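Participant: CSV, C-alpha atoms, file model_38.csv:
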chain,number,residue,atom,x,y,z
A,1,MET,CA,135.6,137.3,137.7
A,2,GLN,CA,136.1,138.7,134.2
A,3,THR,CA,134.3,137.1,131.3
A,4,ALA,CA,134.7,136.5,127.6
A,5,ASN,CA,131.6,136.5,125.4
A,6,VAL,CA,131.9,133.3,123.3
A,7,LEU,CA,129.0,133.2,120.9
A,8,GLY,CA,126.7,134.7,123.5
A,9,VAL,CA,127.9,132.6,126.5
A,10,LEU,CA,129.8,134.4,129.2
A,11,ILE,CA,132.9,132.3,129.9
A,12,ASP,CA,134.5,133.1,133.2
A,13,LEU,CA,138.2,133.7,133.2
A,14,CYS,CA,139.6,131.9,136.2
A,15,SER,CA,142.0,129.1,137.3
A,16,ILE,CA,141.1,125.6,138.4
A,17,GLU,CA,142.4,126.6,141.9
A,18,GLN,CA,140.0,129.5,142.1
A,19,VAL,CA,137.0,127.4,141.0
A,20,THR,CA,137.9,124.6,143.5
A,21,GLU,CA,138.2,127.2,146.3
A,22,LEU,CA,134.8,128.6,145.3
A,23,VAL,CA,133.2,125.2,145.4
A,24,LEU,CA,134.6,124.3,148.8
A,25,ASP,CA,133.7,127.7,150.2
A,26,SER,CA,130.1,127.3,149.0
A,27,ALA,CA,129.9,123.8,150.3
A,28,SER,CA,131.1,124.9,153.8
A,29,LYS,CA,128.5,127.6,153.9
A,30,ARG,CA,125.8,125.4,152.4
A,31,GLU,CA,125.1,128.0,149.7
A,32,SER,CA,123.8,127.2,146.2
A,33,LEU,CA,126.4,127.3,143.5
A,34,GLY,CA,126.1,126.3,139.8
A,35,ILE,CA,129.2,125.5,137.7
A,36,ALA,CA,129.3,124.4,134.1
A,37,PRO,CA,132.4,123.5,132.2
A,38,MET,CA,131.4,124.4,128.6
A,39,ALA,CA,132.5,122.4,125.6
A,40,MET,CA,132.0,123.3,121.9
A,41,HIS,CA,128.6,121.5,121.6
A,42,SER,CA,127.3,123.2,124.7
A,43,ILE,CA,128.0,126.6,123.2
A,44,VAL,CA,126.3,125.5,119.9
A,45,ALA,CA,123.3,124.4,121.9
A,46,ALA,CA,123.2,127.8,123.6
A,47,VAL,CA,123.4,129.6,120.2
A,48,ARG,CA,120.4,127.6,118.9
A,49,ASP,CA,118.2,127.8,122.0
A,50,GLN,CA,117.8,131.2,123.7
A,51,GLU,CA,116.1,129.6,126.8
A,52,PHE,CA,119.1,127.3,127.3
A,53,ARG,CA,121.4,130.3,126.9
A,54,TYR,CA,119.5,132.1,129.6
A,55,ARG,CA,119.9,129.0,131.9
A,56,VAL,CA,123.6,128.7,131.2
A,57,ASN,CA,124.4,132.4,131.7
A,58,SER,CA,122.4,132.4,135.0
A,59,LEU,CA,124.8,129.9,136.5
A,60,ASP,CA,127.6,131.1,138.7
A,61,ALA,CA,130.6,130.0,136.6
A,62,LYS,CA,130.9,128.9,133.0
A,63,LEU,CA,134.3,127.4,132.3
A,64,ALA,CA,136.3,126.9,129.2
A,65,ASP,CA,136.4,123.1,129.0
A,66,GLY,CA,136.7,122.2,125.3
A,67,SER,CA,139.8,123.5,123.4
A,68,PRO,CA,137.8,125.5,120.8
A,69,VAL,CA,136.0,127.3,123.7
A,70,PHE,CA,139.3,127.9,125.4
A,71,ALA,CA,140.9,129.2,122.2
A,72,MET,CA,138.0,131.6,121.6
A,73,ALA,CA,138.1,132.9,125.2
A,74,TRP,CA,141.8,133.5,124.9
A,75,LEU,CA,141.5,135.3,121.6
A,76,LEU,CA,138.7,137.5,122.9
A,77,SER,CA,140.3,138.3,126.3
A,78,LYS,CA,142.4,141.4,126.8
A,79,GLN,CA,144.2,139.7,129.7
A,80,LYS,CA,145.5,136.4,128.2
A,81,ASP,CA,147.0,135.3,131.5
A,82,LEU,CA,143.6,135.1,133.1
A,83,VAL,CA,142.3,132.5,130.6
A,84,SER,CA,142.6,128.8,131.7
A,85,ARG,CA,141.3,125.7,130.2
A,86,ILE,CA,139.4,123.7,132.9
A,87,ARG,CA,138.4,120.2,131.9
A,88,GLY,CA,135.5,118.7,133.7
A,89,HIS,CA,137.5,115.6,134.8
A,90,ASP,CA,140.4,117.7,136.1
A,91,LEU,CA,138.0,119.9,138.1
A,92,MET,CA,136.3,116.8,139.5
A,93,LYS,CA,139.6,115.4,140.7
A,94,ALA,CA,140.7,118.7,142.3
A,95,VAL,CA,137.4,119.0,144.1
A,96,LEU,CA,137.4,115.4,145.3
A,97,LYS,CA,140.9,115.8,146.7
A,98,GLN,CA,139.9,118.9,148.7
A,99,ALA,CA,136.5,117.4,149.8
A,100,ALA,CA,138.3,114.3,151.2
A,101,GLN,CA,140.8,116.5,153.1
A,102,LYS,CA,138.1,118.7,154.5
A,103,GLY,CA,135.5,116.0,155.3
A,104,VAL,CA,132.9,117.4,152.8
A,105,SER,CA,130.4,114.8,151.5
A,106,VAL,CA,129.6,114.5,147.8
A,107,TYR,CA,126.7,113.1,145.8
A,108,LEU,CA,126.9,111.6,142.3
A,109,PHE,CA,123.9,112.4,140.1
A,110,GLY,CA,123.6,111.1,136.5
A,111,GLY,CA,125.6,108.5,134.6
A,112,ARG,CA,124.9,104.8,134.3
A,113,ALA,CA,124.1,102.6,137.4
A,114,ASP,CA,127.2,100.4,136.8
A,115,THR,CA,129.5,103.5,136.5
A,116,LEU,CA,128.1,104.9,139.7
A,117,ALA,CA,128.6,101.6,141.5
A,118,LEU,CA,132.3,101.6,140.4
A,119,LEU,CA,132.8,105.1,141.6
A,120,GLU,CA,131.0,104.5,144.9
A,121,SER,CA,133.5,101.7,145.7
A,122,GLN,CA,136.6,103.3,144.2
A,123,LEU,CA,136.5,106.9,145.3
A,124,PRO,CA,136.9,106.4,149.0
A,125,THR,CA,140.0,104.4,148.4
A,126,ARG,CA,141.4,106.8,145.8
A,127,TYR,CA,140.6,109.8,148.0
A,128,PRO,CA,141.0,108.7,151.6
A,129,GLY,CA,138.5,110.2,153.9
A,130,LEU,CA,136.0,111.0,151.1
A,131,LYS,CA,132.3,110.4,151.9
A,132,VAL,CA,130.0,109.6,149.0
A,133,SER,CA,126.6,110.3,150.5
A,134,GLY,CA,124.5,108.9,147.7
A,135,THR,CA,124.1,108.3,144.0
A,136,ARG,CA,121.3,108.5,141.4
A,137,PRO,CA,121.6,107.2,137.8
A,138,GLY,CA,120.5,109.4,135.1
A,139,ARG,CA,117.3,108.7,133.1
A,140,TYR,CA,118.0,111.2,130.3
A,141,ARG,CA,114.5,112.3,129.7
A,142,ILE,CA,111.9,114.8,130.8
A,143,LEU,CA,110.8,114.0,134.4
A,144,THR,CA,107.4,114.5,136.0
A,145,ASP,CA,107.2,117.1,138.8
A,146,ASP,CA,107.0,114.2,141.4
A,147,GLU,CA,110.1,112.5,140.0
A,148,ALA,CA,112.1,115.8,140.0
A,149,ALA,CA,110.9,116.6,143.6
A,150,ALA,CA,111.9,113.1,144.7
A,151,ASP,CA,115.4,113.4,143.2
A,152,ALA,CA,115.9,116.8,145.0
A,153,GLN,CA,114.7,115.3,148.3
A,154,LEU,CA,117.1,112.4,148.0
A,155,ILE,CA,120.0,114.9,147.7
A,156,LYS,CA,118.7,117.0,150.6
A,157,ASP,CA,118.3,113.9,152.8
A,158,SER,CA,121.8,112.7,151.9
A,159,GLY,CA,123.4,115.7,153.6
A,160,ALA,CA,125.8,116.2,150.7
A,161,SER,CA,127.1,119.7,150.1
A,162,ILE,CA,128.7,119.0,146.6
A,163,VAL,CA,126.7,117.4,143.8
A,164,PHE,CA,128.5,116.2,140.7
A,165,VAL,CA,126.1,116.1,137.8
A,166,GLY,CA,127.0,113.7,134.9
A,167,LEU,CA,124.0,114.1,132.6
A,168,GLY,CA,125.9,115.5,129.6
A,169,SER,CA,125.1,118.8,128.0
A,170,PRO,CA,122.5,120.4,127.7
A,171,LEU,CA,120.7,118.3,130.3
A,172,GLN,CA,123.2,118.9,133.2
A,173,GLU,CA,123.2,122.7,132.8
A,174,THR,CA,119.4,122.6,132.7
A,175,TRP,CA,119.3,120.4,135.8
A,176,ILE,CA,121.6,122.7,137.7
A,177,TYR,CA,119.6,125.8,136.8
A,178,GLU,CA,116.3,124.2,137.8
A,179,ASN,CA,117.7,123.0,141.2
A,180,ARG,CA,119.2,126.3,142.4
A,181,HIS,CA,117.0,125.9,145.5
A,182,LEU,CA,119.4,123.1,146.7
A,183,ARG,CA,121.8,124.5,149.3
A,184,CYS,CA,124.9,122.9,147.7
A,185,ALA,CA,127.5,123.3,145.1
A,186,MET,CA,126.5,121.7,141.8
A,187,ILE,CA,129.1,120.9,139.0
A,188,GLY,CA,128.2,119.6,135.5
A,189,LEU,CA,130.8,117.1,134.4
A,190,GLY,CA,129.7,115.4,131.2
A,191,SER,CA,131.7,112.2,130.7
A,192,ALA,CA,134.0,112.7,133.7
A,193,PHE,CA,132.3,109.9,135.6
A,194,ASP,CA,133.4,107.4,132.9
A,195,TYR,CA,136.9,108.8,132.9
A,196,GLU,CA,137.2,108.6,136.7
A,197,ALA,CA,135.8,105.1,136.8
A,198,GLY,CA,138.4,104.0,134.1
A,199,LEU,CA,135.8,103.2,131.5
A,200,ILE,CA,137.2,105.7,129.1
A,201,CYS,CA,141.0,106.1,128.6
A,202,GLU,CA,142.4,109.6,128.8
A,203,PRO,CA,143.9,110.9,125.5
A,204,PRO,CA,147.7,110.7,125.2
A,205,ALA,CA,149.6,113.7,126.5
A,206,LEU,CA,150.5,114.8,123.0
A,207,PHE,CA,146.9,115.0,122.0
A,208,LYS,CA,146.2,117.3,125.0
A,209,GLN,CA,149.2,119.5,124.3
A,210,LEU,CA,148.1,120.0,120.7
A,211,CYS,CA,144.5,120.5,121.8
A,212,ILE,CA,143.2,117.7,119.5
A,213,GLU,CA,141.7,115.4,122.2
A,214,TRP,CA,138.5,115.4,120.1
A,215,THR,CA,140.2,113.2,117.5
A,216,TRP,CA,141.0,110.7,120.2
A,217,ARG,CA,137.5,110.7,121.6
A,218,LEU,CA,136.0,110.4,118.1
A,219,TYR,CA,138.2,107.4,117.4
A,220,LYS,CA,137.1,105.8,120.7
A,221,GLU,CA,133.4,106.6,120.4
A,222,PRO,CA,132.5,107.2,116.8
A,223,ALA,CA,128.9,106.2,116.9
A,224,ARG,CA,128.1,108.6,119.8
A,225,LEU,CA,130.3,111.5,118.9
A,226,TRP,CA,130.5,111.8,115.1
A,227,ARG,CA,127.6,114.3,114.9
A,228,ARG,CA,129.1,116.5,117.6
A,229,TYR,CA,132.5,116.8,116.0
A,230,LEU,CA,131.7,116.5,112.3
A,231,LEU,CA,128.5,118.6,112.2
A,232,GLN,CA,128.6,120.9,115.2
A,233,GLY,CA,132.4,121.4,115.0
A,234,PRO,CA,132.3,123.2,111.6
A,235,LEU,CA,129.2,125.2,112.7
A,236,PHE,CA,131.1,126.4,115.8
A,237,LEU,CA,134.1,127.3,113.7
A,238,CYS,CA,132.1,129.3,111.2
A,239,LEU,CA,130.3,131.2,113.9
A,240,ALA,CA,133.5,131.9,115.8
A,241,LEU,CA,135.2,133.3,112.6
A,242,LEU,CA,132.2,135.5,112.0
A,243,GLN,CA,132.4,136.8,115.6
A,244,LEU,CA,136.2,137.4,115.5
A,245,SER,CA,135.9,139.2,112.1
A,246,GLY,CA,133.2,141.4,113.4
A,247,LEU,CA,130.8,140.2,110.7
A,248,ARG,CA,128.4,138.8,113.3
A,249,LYS,CA,127.3,140.8,116.2
A,250,VAL,CA,127.2,138.6,119.3
A,251,ASP,CA,125.4,139.6,122.5
A,252,THR,CA,124.0,137.7,125.4
A,253,SER,CA,120.3,138.3,124.7
A,254,SER,CA,118.2,135.4,125.7
A,255,ILE,CA,114.7,134.4,126.7
A,256,LYS,CA,113.8,133.6,130.3
A,257,PRO,CA,112.1,130.3,130.5
A,258,GLU,CA,108.4,130.6,131.4
A,259,LYS,CA,108.1,127.0,132.6
A,260,LYS,CA,110.4,124.8,134.7
A,261,LEU,CA,112.0,122.0,132.7
A,262,ASN,CA,112.5,118.9,134.8
A,263,VAL,CA,115.3,116.7,133.4
A,264,GLY,CA,117.3,113.9,134.9
Would you put the structure from the file into C-alpha cells?
Facilitator:
Amino acid sequence: MQTANVLGVLIDLCSIEQVTELVLDSASKRESLGIAPMAMHSIVAAVRDQEFRYRVNSLDAKLADGSPVFAMAWLLSKQKDLVSRIRGHDLMKAVLKQAAQKGVSVYLFGGRADTLALLESQLPTRYPGLKVSGTRPGRYRILTDDEAAADAQLIKDSGASIVFVGLGSPLQETWIYENRHLRCAMIGLGSAFDYEAGLICEPPALFKQLCIEWTWRLYKEPARLWRRYLLQGPLFLCLALLQLSGLRKVDTSSIKPEKKLNVG
C-alpha cells in the first residue's frame, strides 16, 4: 500500500474494503496483524514521543480516522483517489459482518465492564452467527509482566482470531505493538465499543459530511474531550501548516523502545 507521511506517521492509503479483507485473511491464516485507525490526538502523541511513533509505524496499517488526518493524507497524496477516511466504528462494523458470515471468532479487549457486557449480549443478535470468544475490561494503567502475560494467555485460550482493542490512544497502539506475538488480527478502535453498544450517539449526517464530528463529540463529552480538541487541535493545525508549507521538515525518524511497555 502507498502511504502519506502525516507529521511523521505513515498513513496507509487504502479503502475500508481492502482493510476488511486484510483482517479476514490474516484471521483465517492465524497470522499476526496490527491495525490502528489514527485520529488527530494520536498523531500529536506520535510527534511528541519518538518511541510511540516507532510503535505506531511498526504496525501493519495506520488508517486515516479523524477528518484532520484524512485531510492531510489527501493533500499530501499524489493519487487522491486512493485516500479514504476509515473511522474505527465503521471498520468494526464491516469486520464484524464478515466475521459472522465466515464463522470467525472475535475477542473484545478494553472498554468498561458494563459496555462489554452489553456488546457480548447484543453482537450475536445484531450479527447472526458471530461468536464472541471472550472479553476483558481495560484497566488503563501500566501492567505487571504477570498481568500482561495473563491477558495474552486469555486471548490465546479463547481461540479468537480477531481482537478488537478499545483502550483509546496511545494505549491501544502500544498494546497492539507489544502483543505482536499473538497469532491474530488486532484492531485499535478507541470509542467504537461505546458507539456500537449505543452508549454514544453517532453525529448527525450533516456533521459527518462537513467533517466536523469533533464539535458534536465535544458537545456530548466536554469534560473528557476539551483538552483534545481545544489544545491538541490547534497544535496539529500549526504543525500541519508548517509541513504543507515546507517550513518544517518531517521525517519518520524515531527511537526503538528498549523496554517492553505493558499496558491494558
Participant: Go through A:Gln243, A:Ser169, A:Gln101, A:Ser67 one by one, measure the shortest atom-to-atom distance of each to Ala46 of chain A using only C-alpha atoms, and give the residue with the smallest value.
Facilitator: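 With only C-alpha atoms as the atom set, the closest residue is A:Ser169.
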Participant: Just give me the gap between atom CA of Leu108 of chain A and atom CA of Asp60 of chain A in Å, one decimal is fine.
Facilitator: 19.8 Å
Participant: Nearest residue to Ser191 of chain A out of A:Gly8, A:Gly246, A:Pro37, A:Gly134, using all atoms listed in the file?
Facilitator: A:Pro37
Participant: Could you check which of A:Phe236, A:Tyr127, A:Trp214, A:Tyr229 is closest to Val95 of chain A, using only C-alpha atoms?
Facilitator: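 Of A:Phe236, A:Tyr127, A:Trp214, A:Tyr229, the one nearest Val95 of chain A is A:Tyr127, counting only C-alpha atoms.
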Participant: Taking into account only C-alpha atoms, which residue in the set A:Cys184, A:Ile16, A:Val104, A:Met40 is nearest to Gly129 of chain A?
Facilitator: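 Under the stated criterion, the closest residue is A:Val104.
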Participant: Please provide the set of residues having any atom within 10 Å of Ile155 of chain A, restricted to all atoms listed in the file, with same-chain residues fewer than 2 positions apart removed, written as a list in words.
Facilitator: Val106, Tyr107, Leu108, Phe109, Ser133, Gly134, Thr135, Arg136, Ala150, Asp151, Ala152, Gln153, Asp157, Ser158, Gly159, Ala160, Ser161, Ile162, Val163, Leu182, Arg183 and Cys184 of chain A
Participant: Write out as a short mmCIF file (atom, residue, chain, number, x, y, z; two decimals) with C-alpha atoms, in the coordinates of the input which residues come within 10 Å of Asp90 of chain A when counting all atoms listed in the file, dropping same-chain ones fewer than 6 positions away.
Facilitator:
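And here is the file that came out, part_24.cif:
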data_model
loop_
_atom_site.label_atom_id
_atom_site.label_comp_id
_atom_site.auth_asym_id
_atom_site.auth_seq_id
_atom_site.Cartn_x
_atom_site.Cartn_y
_atom_site.Cartn_z
CA ILE A 16 141.10 125.60 138.40
CA ASP A 65 136.40 123.10 129.00
CA LEU A 96 137.40 115.40 145.30
CA LEU A 189 130.80 117.10 134.40
CA ALA A 192 134.00 112.70 133.70
CA GLU A 196 137.20 108.60 136.70
#
Participant: Have a look at A:Ala45, A:Leu206, A:Leu235, A:Ile35 and name the one nearest to Leu63 of chain A; count all atoms listed in the file.
Facilitator: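 Of all the options, A:Ile35 lies closest to Leu63 of chain A.
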Participant: Around the point (116.4, 126.3, 126.3) (coordinates from the file), which residues reach within 10 Å if we count all atoms listed in the file? Answer as number ranges by chain.
Facilitator: A: 45-56, 170-171, 174, 254-257, 261
Participant: Go ahead and find all residues with at least one atom no further than 12 Å from (132.2, 130.5, 114.4) in the file's coordinates, using only C-alpha atoms; report them as a PDB file with C-alpha atoms, keeping the file's coordinate frame.
Facilitator:
ATOM      1  CA  VAL A   6     131.900 133.300 123.300  1.00  0.00           C
ATOM      2  CA  LEU A   7     129.000 133.200 120.900  1.00  0.00           C
ATOM      3  CA  GLY A   8     126.700 134.700 123.500  1.00  0.00           C
ATOM      4  CA  MET A  40     132.000 123.300 121.900  1.00  0.00           C
ATOM      5  CA  ILE A  43     128.000 126.600 123.200  1.00  0.00           C
ATOM      6  CA  VAL A  44     126.300 125.500 119.900  1.00  0.00           C
ATOM      7  CA  VAL A  47     123.400 129.600 120.200  1.00  0.00           C
ATOM      8  CA  PRO A  68     137.800 125.500 120.800  1.00  0.00           C
ATOM      9  CA  VAL A  69     136.000 127.300 123.700  1.00  0.00           C
ATOM     10  CA  ALA A  71     140.900 129.200 122.200  1.00  0.00           C
ATOM     11  CA  MET A  72     138.000 131.600 121.600  1.00  0.00           C
ATOM     12  CA  GLN A 232     128.600 120.900 115.200  1.00  0.00           C
ATOM     13  CA  GLY A 233     132.400 121.400 115.000  1.00  0.00           C
ATOM     14  CA  PRO A 234     132.300 123.200 111.600  1.00  0.00           C
ATOM     15  CA  LEU A 235     129.200 125.200 112.700  1.00  0.00           C
ATOM     16  CA  PHE A 236     131.100 126.400 115.800  1.00  0.00           C
ATOM     17  CA  LEU A 237     134.100 127.300 113.700  1.00  0.00           C
ATOM     18  CA  CYS A 238     132.100 129.300 111.200  1.00  0.00           C
ATOM     19  CA  LEU A 239     130.300 131.200 113.900  1.00  0.00           C
ATOM     20  CA  ALA A 240     133.500 131.900 115.800  1.00  0.00           C
ATOM     21  CA  LEU A 241     135.200 133.300 112.600  1.00  0.00           C
ATOM     22  CA  LEU A 242     132.200 135.500 112.000  1.00  0.00           C
ATOM     23  CA  GLN A 243     132.400 136.800 115.600  1.00  0.00           C
ATOM     24  CA  LEU A 244     136.200 137.400 115.500  1.00  0.00           C
ATOM     25  CA  SER A 245     135.900 139.200 112.100  1.00  0.00           C
ATOM     26  CA  GLY A 246     133.200 141.400 113.400  1.00  0.00           C
ATOM     27  CA  LEU A 247     130.800 140.200 110.700  1.00  0.00           C
ATOM     28  CA  ARG A 248     128.400 138.800 113.300  1.00  0.00           C
ATOM     29  CA  LYS A 249     127.300 140.800 116.200  1.00  0.00           C
ATOM     30  CA  VAL A 250     127.200 138.600 119.300  1.00  0.00           C
TER      31      VAL A 250
END
Participant: Between atom CA of Arg87 of chain A and atom CA of Leu143 of chain A, what is the distance in Å, rounded to a tenth?
Facilitator: 28.4 Å
Participant: Expressed in Å to a single decimal, how great is the separation between atom CA of Leu167 of chain A and atom CA of Ser32 of chain A?
Facilitator: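 Calculated distance between atom CA of Leu167 of chain A and atom CA of Ser32 of chain A is 18.9 Å.
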Participant: Could you give me, as a list of chain:residue names, the residues within 12 Å of Ala4 of chain A, counting all atoms listed in the file and dropping anything in the same chain fewer than 6 positions from it?
Facilitator: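 The contact residues come out as A:Leu10, A:Ile11, A:Asp12, A:Leu13, A:Cys14, A:Asn57, A:Ala61, A:Lys62, A:Leu63, A:Ala64, A:Val69, A:Phe70, A:Ala71, A:Met72, A:Ala73, A:Trp74, A:Leu75, A:Leu76, A:Ser77, A:Lys78, A:Gln79, A:Lys80, A:Leu82, A:Val83, A:Ser84, A:Val250, A:Asp251, A:Thr252.
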Participant: Give me a file of those residues, with C-alpha atoms, as an mmCIF file, in the frame of the given file.
Facilitator:
data_model
loop_
_atom_site.group_PDB
_atom_site.id
_atom_site.type_symbol
_atom_site.label_atom_id
_atom_site.label_comp_id
_atom_site.auth_asym_id
_atom_site.auth_seq_id
_atom_site.Cartn_x
_atom_site.Cartn_y
_atom_site.Cartn_z
ATOM 1 C CA LEU A 10 129.800 134.400 129.200
ATOM 2 C CA ILE A 11 132.900 132.300 129.900
ATOM 3 C CA ASP A 12 134.500 133.100 133.200
ATOM 4 C CA LEU A 13 138.200 133.700 133.200
ATOM 5 C CA CYS A 14 139.600 131.900 136.200
ATOM 6 C CA ASN A 57 124.400 132.400 131.700
ATOM 7 C CA ALA A 61 130.600 130.000 136.600
ATOM 8 C CA LYS A 62 130.900 128.900 133.000
ATOM 9 C CA LEU A 63 134.300 127.400 132.300
ATOM 10 C CA ALA A 64 136.300 126.900 129.200
ATOM 11 C CA VAL A 69 136.000 127.300 123.700
ATOM 12 C CA PHE A 70 139.300 127.900 125.400
ATOM 13 C CA ALA A 71 140.900 129.200 122.200
ATOM 14 C CA MET A 72 138.000 131.600 121.600
ATOM 15 C CA ALA A 73 138.100 132.900 125.200
ATOM 16 C CA TRP A 74 141.800 133.500 124.900
ATOM 17 C CA LEU A 75 141.500 135.300 121.600
ATOM 18 C CA LEU A 76 138.700 137.500 122.900
ATOM 19 C CA SER A 77 140.300 138.300 126.300
ATOM 20 C CA LYS A 78 142.400 141.400 126.800
ATOM 21 C CA GLN A 79 144.200 139.700 129.700
ATOM 22 C CA LYS A 80 145.500 136.400 128.200
ATOM 23 C CA LEU A 82 143.600 135.100 133.100
ATOM 24 C CA VAL A 83 142.300 132.500 130.600
ATOM 25 C CA SER A 84 142.600 128.800 131.700
ATOM 26 C CA VAL A 250 127.200 138.600 119.300
ATOM 27 C CA ASP A 251 125.400 139.600 122.500
ATOM 28 C CA THR A 252 124.000 137.700 125.400
#
Participant: So, with only C-alpha atoms as the atoms that count, which of A:Ala205, A:Leu116, A:Met92, A:Ile200 lies closest to Val23 of chain A?
Facilitator: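 Checking each of A:Ala205, A:Leu116, A:Met92, A:Ile200 against Val23 of chain A, counting only C-alpha atoms, the winner is A:Met92.
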